[in-house]
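A.B. asks: Sharing a structure below in C-alpha cells format, with a few things to ask.
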Amino acid sequence: MDTDAIIPARYLNTSDPDVLASHCFEDADPDFASRVSAGDIVVGGKNFGCGSSREHAPIAIKAAGVSCVIASSFARIFYRNSFNMGLPIFESTDASRSIVTGDELEVKPSEGLIHNLTQGEKYTFEPFPPFMVDLIQEGGLIPYLLKEEA
Amino acid sequence: MPMTITEKILAAHTGRDSVHPGEIIMADVDLALGNDITAPIAINILRENGIEKVFDRNKIVLVPDHFTPNKDIASAEQCRQMREFAHDYDITHYFELGEMGIEHALLPEKGLVLPGDLVIGADSHTCTYGALGAFSMGVGSTDLAGAMISGKVWFKVPTAMKFVFTGELKPWVGGKDLILFTIGKIGVDGALYRSMEFTGDTIINLGMADRLAMCNMAIEAGAKNGIITPDTITEEYARQRASREYRFYDSDPEAGYDEIHEFDASAIELQVAFPHLPENTRPVGESGNVPIDQVVIGSCTNGRLEDLQQAAEVLKGRKISSGLRLIVIPATPLIYRQAMDEGLFDIFLDAGAVISTPTCGPCLGGHMGVLADGERAVATTNRNFVGAHGPSRERGLSVGPRRGRSERGDWSHFLA
Ligand code: SF4
C-alpha cells in the first residue's frame, strides 16, 4: 500500500485534514471514506505507506477517524511520520495475515498485544523503544522538542 | 571499532566516536530541505507554536518545485505560504521561479550539499545526495519542522547492505539500470530501514549523474539511505561548487554488513520497470512490444544534462511517431540553458517534443503531462505506482534516459 494509494498526489495541493480524509484510499478502495467510522483500524500488508514522504498520508488516515494501523511492516518514512504526529502503528505479521475485514480488535500497546475478539486470537508485536514511548507520551515530536528546548 | 561510511557520518554529527546499528540517536543536521508540498505543513507547525526563529537561516533550503509554475489556486497558496515564510524568517536558500529547479538536481548543482554532510529533506528522494558521500534521508514534514526549530533529527542507526558491481557496462547502460536491476533482485522492501552502500570498480568509473540516479532510487528498495564512497570524481564535482568545507568518509575494511550482494555489471542490460512497482524490472529485450501514449524525460532521477544528451543522441535526425507525446523537462535552469546552448532543444523540437520549464510536474501526476485513464507512459522518473502519473489506472513504466526515444506500438527495438 503506497502513499499514492493512500492519498493520490492530485490532492496534495491542500493539507486540510478533512479534505484529505475525504479522498483517503480513493484509488485503492473508492468507498473507503464513506464506510469508515471513528475508531476503525486499518490492517495492511508489508511495506505499508511506501512511496513519497507525504505526511498527508497519515494525516488523511488519522482524520478519517482511524484509531491505529496494523501491518506486517511499514515503509520507514511513513513509520516516523506516524510517530511524529501521533498516529499509533503496530507491526505484526501474524495480525496482518489473520485479520479479516469486520473483525473486532483490541490493542494493548504497553503489553505489545493485539486481541482479535471475533476470531479469539492473540497476536504480539515488539513494544516500542523508550525514546518512542517518550515521543508518544509528549504527544509527538514538536511537543517533545519544545519541552527539551525549554 | 570498524564502522561503515554511514555510521562514521552519523557519529560525527552526534558528537561521538562511534554509533551502533539499532541505536536511536539525535543528530545535528547540516541542511534541512522542504518543497511546496511538504514545507507548508512544517511552516504551519512553526507558526502555530509561536516559533519566530529557525535554528540557522543558512541551513534551510526551500524549493517550490512540485506544482510550479503554480498549477492552480491551491498550489499558488502553498507557494505563497513558502515565500512569506522565507521572507519572515530570513531564509537564505529559497528558490523562486527562474532560479527554481527540481530540488535533488538543484542542491548538488549549487554546492549546497557536500560530502560528509548530514542532510534531511521532507521528500523521499532526499537520499539522492548519498552520491556525494553524504548521509541524506527523506523524512516527513513534522521532522522538517523539528529540524528547523532545533537543528536536530532523531533516527535509528541503520544496518548496512553492500552492493559490489564489477566489470565494464554495456553501451547505454547506466546508473538507472544498475539500481533498477538491484531493486528487481531485492524487491521494494529489500533494503527496508537499511543503508545501501554501492561499491566496486563499476561504481568508481561512474560519472556523477549516474551516481545521483542510483542513490536517488535507494528509497525505492525501502532504504534509509544510499551512499557511495567519495573519490576523485566526487572531489572534482564538489570542488567546483563548494563554498564551505567538506569531508570525505569511507567504510573500514572490516565494517559489518548484514548482506553483501555482488553483481557482474558487464552482464546487466538496459532495464525497464513495469507497472506497478519499481521491482517489476525486466531487461528491455524481454519487454515485448507495448503500445505507449507518452514519454517523459526528466525528474530528479534523470533530468540532468547527461540524460538529455543521451536522449538527444538517440533522437537526432528522427521524429517520434504520430500519436505519441514526448515531454522533455530539464531539471534546473542551468541544465535548461546548457541543453539549449548545446543545441539539444533543436533536436528535441525537430523530433516533435515539447520542452517544459523545470518542474516535477508529471513525475507525481501533478500537472504538465497527466495521463488519461488507461493511457501508458514511459518515463525516466523513479516510480510507477498506480496514480503516480495521473488518475487511477494508467501504466507507468520507469526507464533510463536514453529510452526516451520511444515509438507508439513498438518502443523496445530502438533501445539496444
Ligand atoms: S522529480 Fe519526481 S521524484 Fe523527484 S522530487 Fe520531483 S516529484 Fe519527487
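Each chain in the C-alpha cells gets a letter, A, B, ..., in the order shown, and its residues are numbered from 1; ligands are numbered from 1 in order too.
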Mind listing as a PyMOL selection string which residues of chain A are within 10 Å of chain B, counting only C-alpha atoms?
C.D. replies: chain A and resi 1-5+7-16+26-28+46-48+50-56+73-85+129-132+140-146+148-149
A.B. asks: Write a file of the selected residues as a short mmCIF file (atom, residue, chain, number, x, y, z; two decimals), in the first residue's frame, keeping N, CA and C atoms.
C.D. replies:
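Final output, selection_31.cif:
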```
data_model
loop_
_atom_site.label_atom_id
_atom_site.label_comp_id
_atom_site.auth_asym_id
_atom_site.auth_seq_id
_atom_site.Cartn_x
_atom_site.Cartn_y
_atom_site.Cartn_z
N MET A 1 0.85 -1.19 0.00
CA MET A 1 0.00 0.00 0.00
C MET A 1 0.88 1.24 0.00
N ASP A 2 0.99 1.92 -1.14
CA ASP A 2 1.87 3.07 -1.21
C ASP A 2 1.11 4.36 -0.91
N THR A 3 1.86 5.44 -0.71
CA THR A 3 1.20 6.68 -0.31
C THR A 3 0.35 7.27 -1.43
N ASP A 4 0.64 6.93 -2.68
CA ASP A 4 -0.23 7.37 -3.77
C ASP A 4 -1.61 6.73 -3.64
N ALA A 5 -1.64 5.50 -3.16
CA ALA A 5 -2.92 4.82 -2.98
C ALA A 5 -3.64 5.34 -1.73
N ILE A 7 -3.28 8.52 -0.41
CA ILE A 7 -3.82 9.83 -0.81
C ILE A 7 -3.17 10.24 -2.13
N PRO A 8 -3.93 10.20 -3.23
CA PRO A 8 -3.34 10.48 -4.55
C PRO A 8 -2.72 11.88 -4.62
N ALA A 9 -1.63 11.99 -5.37
CA ALA A 9 -0.87 13.25 -5.45
C ALA A 9 -1.73 14.41 -5.92
N ARG A 10 -2.79 14.11 -6.68
CA ARG A 10 -3.58 15.23 -7.20
C ARG A 10 -4.28 16.01 -6.09
N TYR A 11 -4.34 15.47 -4.88
CA TYR A 11 -4.95 16.19 -3.76
C TYR A 11 -3.92 16.85 -2.85
N LEU A 12 -2.66 16.84 -3.27
CA LEU A 12 -1.62 17.37 -2.39
C LEU A 12 -1.52 18.89 -2.44
N ASN A 13 -2.40 19.51 -3.21
CA ASN A 13 -2.36 20.97 -3.19
C ASN A 13 -3.13 21.52 -1.99
N THR A 14 -3.47 20.65 -1.06
CA THR A 14 -4.03 21.10 0.21
C THR A 14 -3.44 20.25 1.33
N SER A 15 -3.44 20.81 2.55
CA SER A 15 -3.06 19.98 3.69
C SER A 15 -4.20 19.96 4.70
N ASP A 16 -5.41 20.37 4.26
CA ASP A 16 -6.59 20.36 5.12
C ASP A 16 -6.98 18.91 5.45
N GLU A 26 -8.74 6.57 -1.97
CA GLU A 26 -9.70 6.72 -3.05
C GLU A 26 -9.43 5.84 -4.27
N ASP A 27 -8.15 5.74 -4.68
CA ASP A 27 -7.85 4.95 -5.87
C ASP A 27 -7.82 3.45 -5.57
N ALA A 28 -7.55 3.10 -4.31
CA ALA A 28 -7.43 1.68 -3.96
C ALA A 28 -8.79 1.11 -3.56
N LYS A 46 2.75 -5.79 3.81
CA LYS A 46 4.15 -5.38 4.04
C LYS A 46 4.43 -4.04 3.36
N ASN A 47 5.40 -3.35 3.95
CA ASN A 47 5.87 -2.07 3.40
C ASN A 47 4.75 -1.04 3.28
N PHE A 48 3.85 -1.05 4.27
CA PHE A 48 2.70 -0.14 4.26
C PHE A 48 3.18 1.31 4.26
N CYS A 50 4.64 2.93 1.66
CA CYS A 50 5.85 3.19 0.89
C CYS A 50 5.57 4.28 -0.14
N GLY A 51 6.63 4.78 -0.74
CA GLY A 51 6.46 5.82 -1.74
C GLY A 51 6.86 7.17 -1.20
N SER A 52 6.10 8.19 -1.51
CA SER A 52 6.53 9.55 -1.19
C SER A 52 6.50 9.79 0.30
N SER A 53 7.18 10.86 0.71
CA SER A 53 7.32 11.15 2.14
C SER A 53 6.10 11.88 2.68
N ARG A 54 5.07 12.03 1.84
CA ARG A 54 3.98 12.92 2.22
C ARG A 54 3.35 12.57 3.56
N GLU A 55 3.33 13.55 4.45
CA GLU A 55 2.70 13.37 5.74
C GLU A 55 1.19 13.40 5.56
N HIS A 56 0.78 13.85 4.37
CA HIS A 56 -0.65 13.85 4.05
C HIS A 56 -1.23 12.44 4.21
N SER A 73 4.79 -4.81 7.95
CA SER A 73 5.91 -3.87 8.04
C SER A 73 5.47 -2.53 7.47
N PHE A 74 6.15 -1.47 7.89
CA PHE A 74 5.84 -0.13 7.41
C PHE A 74 7.03 0.44 6.66
N ALA A 75 6.76 1.24 5.64
CA ALA A 75 7.83 1.98 4.99
C ALA A 75 8.38 2.97 6.00
N ARG A 76 9.67 3.23 5.92
CA ARG A 76 10.29 3.94 7.03
C ARG A 76 9.82 5.38 7.21
N ILE A 77 9.56 6.10 6.13
CA ILE A 77 9.14 7.49 6.33
C ILE A 77 7.72 7.53 6.91
N PHE A 78 6.88 6.62 6.44
CA PHE A 78 5.52 6.54 6.98
C PHE A 78 5.59 6.23 8.47
N TYR A 79 6.48 5.33 8.83
CA TYR A 79 6.66 4.92 10.22
C TYR A 79 6.99 6.13 11.09
N ARG A 80 8.00 6.91 10.66
CA ARG A 80 8.39 8.03 11.51
C ARG A 80 7.35 9.15 11.47
N ASN A 81 6.73 9.36 10.33
CA ASN A 81 5.67 10.37 10.25
C ASN A 81 4.56 10.05 11.24
N SER A 82 4.19 8.79 11.33
CA SER A 82 3.09 8.40 12.20
C SER A 82 3.42 8.68 13.66
N PHE A 83 4.62 8.30 14.08
CA PHE A 83 5.03 8.59 15.46
C PHE A 83 5.08 10.09 15.71
N ASN A 84 5.66 10.81 14.74
CA ASN A 84 5.83 12.25 14.93
C ASN A 84 4.50 12.98 15.06
N MET A 85 3.45 12.42 14.46
CA MET A 85 2.17 13.12 14.54
C MET A 85 1.13 12.39 15.37
N PRO A 129 10.71 1.17 21.66
CA PRO A 129 11.86 1.58 22.47
C PRO A 129 11.51 2.82 23.30
N PRO A 130 12.27 3.06 24.41
CA PRO A 130 11.92 4.14 25.34
C PRO A 130 11.75 5.51 24.68
N PHE A 131 12.62 5.83 23.71
CA PHE A 131 12.53 7.14 23.07
C PHE A 131 11.16 7.33 22.41
N MET A 132 10.69 6.27 21.73
CA MET A 132 9.41 6.35 21.03
C MET A 132 8.26 6.48 22.03
N GLY A 140 3.94 13.68 20.48
CA GLY A 140 4.56 13.82 19.17
C GLY A 140 5.88 14.58 19.25
N LEU A 141 6.52 14.74 18.10
CA LEU A 141 7.87 15.30 18.04
C LEU A 141 7.94 16.75 18.51
N ILE A 142 7.02 17.57 18.06
CA ILE A 142 7.14 19.00 18.34
C ILE A 142 7.00 19.29 19.84
N PRO A 143 5.96 18.79 20.49
CA PRO A 143 5.89 18.99 21.94
C PRO A 143 7.13 18.44 22.65
N TYR A 144 7.64 17.32 22.16
CA TYR A 144 8.84 16.73 22.76
C TYR A 144 10.02 17.69 22.65
N LEU A 145 10.24 18.23 21.45
CA LEU A 145 11.38 19.13 21.22
C LEU A 145 11.22 20.42 22.01
N LEU A 146 9.99 20.95 22.03
CA LEU A 146 9.76 22.21 22.72
C LEU A 146 10.02 22.05 24.22
N GLU A 148 12.17 19.89 25.45
CA GLU A 148 13.63 19.78 25.55
C GLU A 148 14.29 21.15 25.55
N GLU A 149 13.80 22.02 24.63
CA GLU A 149 14.40 23.34 24.47
C GLU A 149 14.18 24.19 25.71
#
```
A.B. asks: Set the distance at 7 Å and use only C-alpha atoms: which residues neighbour stretch 171-183 of chain B once local chain neighbours fewer than 4 positions away are removed? I'd like the list as a list of chain:residue names.
C.D. replies: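 Using only C-alpha atoms, the neighbours found are B:Gly187, B:Val188, B:Asp210, B:Arg211, B:Ala213, B:Met214, B:Met217, B:Ala221, B:Glu269, B:Leu270, B:Gln271, B:Pro278, B:Glu279, B:Thr281, B:Gly400.
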A.B. asks: Atom CA of B:Asp373 to atom CA of B:Gly352: how many Å, to one decimal?
C.D. replies: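 If I compute the distance from atom CA of B:Asp373 to atom CA of B:Gly352, I get 23.6 Å.
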A.B. asks: List all protein, DNA and RNA residues that have at least one atom no more than 6 Å from any atom of ligand 1, counting only C-alpha atoms and all ligand atoms, and write them as a PyMOL selection string.
C.D. replies: chain B and resi 66+102+299-300+360+363-364
A.B. asks: For B:Ile233, work out the shell of residues within 12 Å, counting only C-alpha atoms and skipping chain neighbours fewer than 2 positions away, then give it as a list in words.
C.D. replies: Pro115, Ala131, Leu132, Gly133, Ile203, Ile204, Asn205, Leu206, Gly207, Met208, Ala209, Asp210, Arg211, Ile228, Thr229, Pro230, Asp231, Glu235, Glu236, Tyr237, Ala238, Arg239 and Gln240 of chain B
A.B. asks: Among stretch 211-352 of chain B, which ones does DSSP assign to strand (DSSP E) (computed from the backbone)? Answer as a ChimeraX atom specification.
C.D. replies: /B:225-227,259-264,271-273,281-283,294-297,325-328
A.B. asks: May I have the selected residues written with C-alpha atoms, as a short mmCIF file (atom, residue, chain, number, x, y, z; two decimals), in the first residue's frame?
C.D. replies:
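Written file, again_1.cif:
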```cif
data_model
loop_
_atom_site.label_atom_id
_atom_site.label_comp_id
_atom_site.auth_asym_id
_atom_site.auth_seq_id
_atom_site.Cartn_x
_atom_site.Cartn_y
_atom_site.Cartn_z
CA ASN B 225 19.93 6.00 2.58
CA GLY B 226 22.07 5.05 -0.39
CA ILE B 227 25.72 6.02 -0.37
CA GLU B 259 24.13 -8.58 3.46
CA ILE B 260 26.64 -8.34 0.65
CA HIS B 261 25.50 -8.68 -2.97
CA GLU B 262 27.96 -8.99 -5.82
CA PHE B 263 26.84 -8.30 -9.36
CA ASP B 264 28.63 -8.71 -12.66
CA GLN B 271 16.21 -2.22 -17.63
CA VAL B 272 12.54 -1.31 -17.68
CA ALA B 273 10.33 -1.32 -14.57
CA THR B 281 12.08 -4.88 -13.77
CA ARG B 282 12.91 -6.66 -16.98
CA PRO B 283 15.76 -6.38 -19.40
CA GLN B 294 3.50 9.41 -23.74
CA VAL B 295 7.18 9.66 -22.91
CA VAL B 296 8.58 11.89 -20.19
CA ILE B 297 12.29 12.64 -19.96
CA ARG B 325 3.57 12.73 -26.94
CA LEU B 326 7.13 13.45 -25.85
CA ILE B 327 7.76 15.82 -22.95
CA VAL B 328 11.31 16.90 -22.09
#
```
A.B. asks: Any chance you could list, as a PyMOL selection string, the residues in stretch 79-296 of chain B that come up helix (DSSP H, G or I) when DSSP is run on the backbone?
C.D. replies: chain B and resi 79-88+103-109+124-132+141-150+175-186+201-204+208-216+218-221+232-241+265-267+284-286
A.B. asks: If we count only C-alpha atoms, what is near stretch 33-35 of chain A at a cut-off of 12 Å, once residues fewer than 2 positions away on the same chain are taken out, given as an MDAnalysis selection string?
C.D. replies: chainID A and resid 6:7 18:31 37:38 40 60:66 101:102
A.B. asks: One decimal, Å: what's the distance from atom CA of B:Asp341 over to atom CA of B:Gly98, could you say?
C.D. replies: 17.2 Å
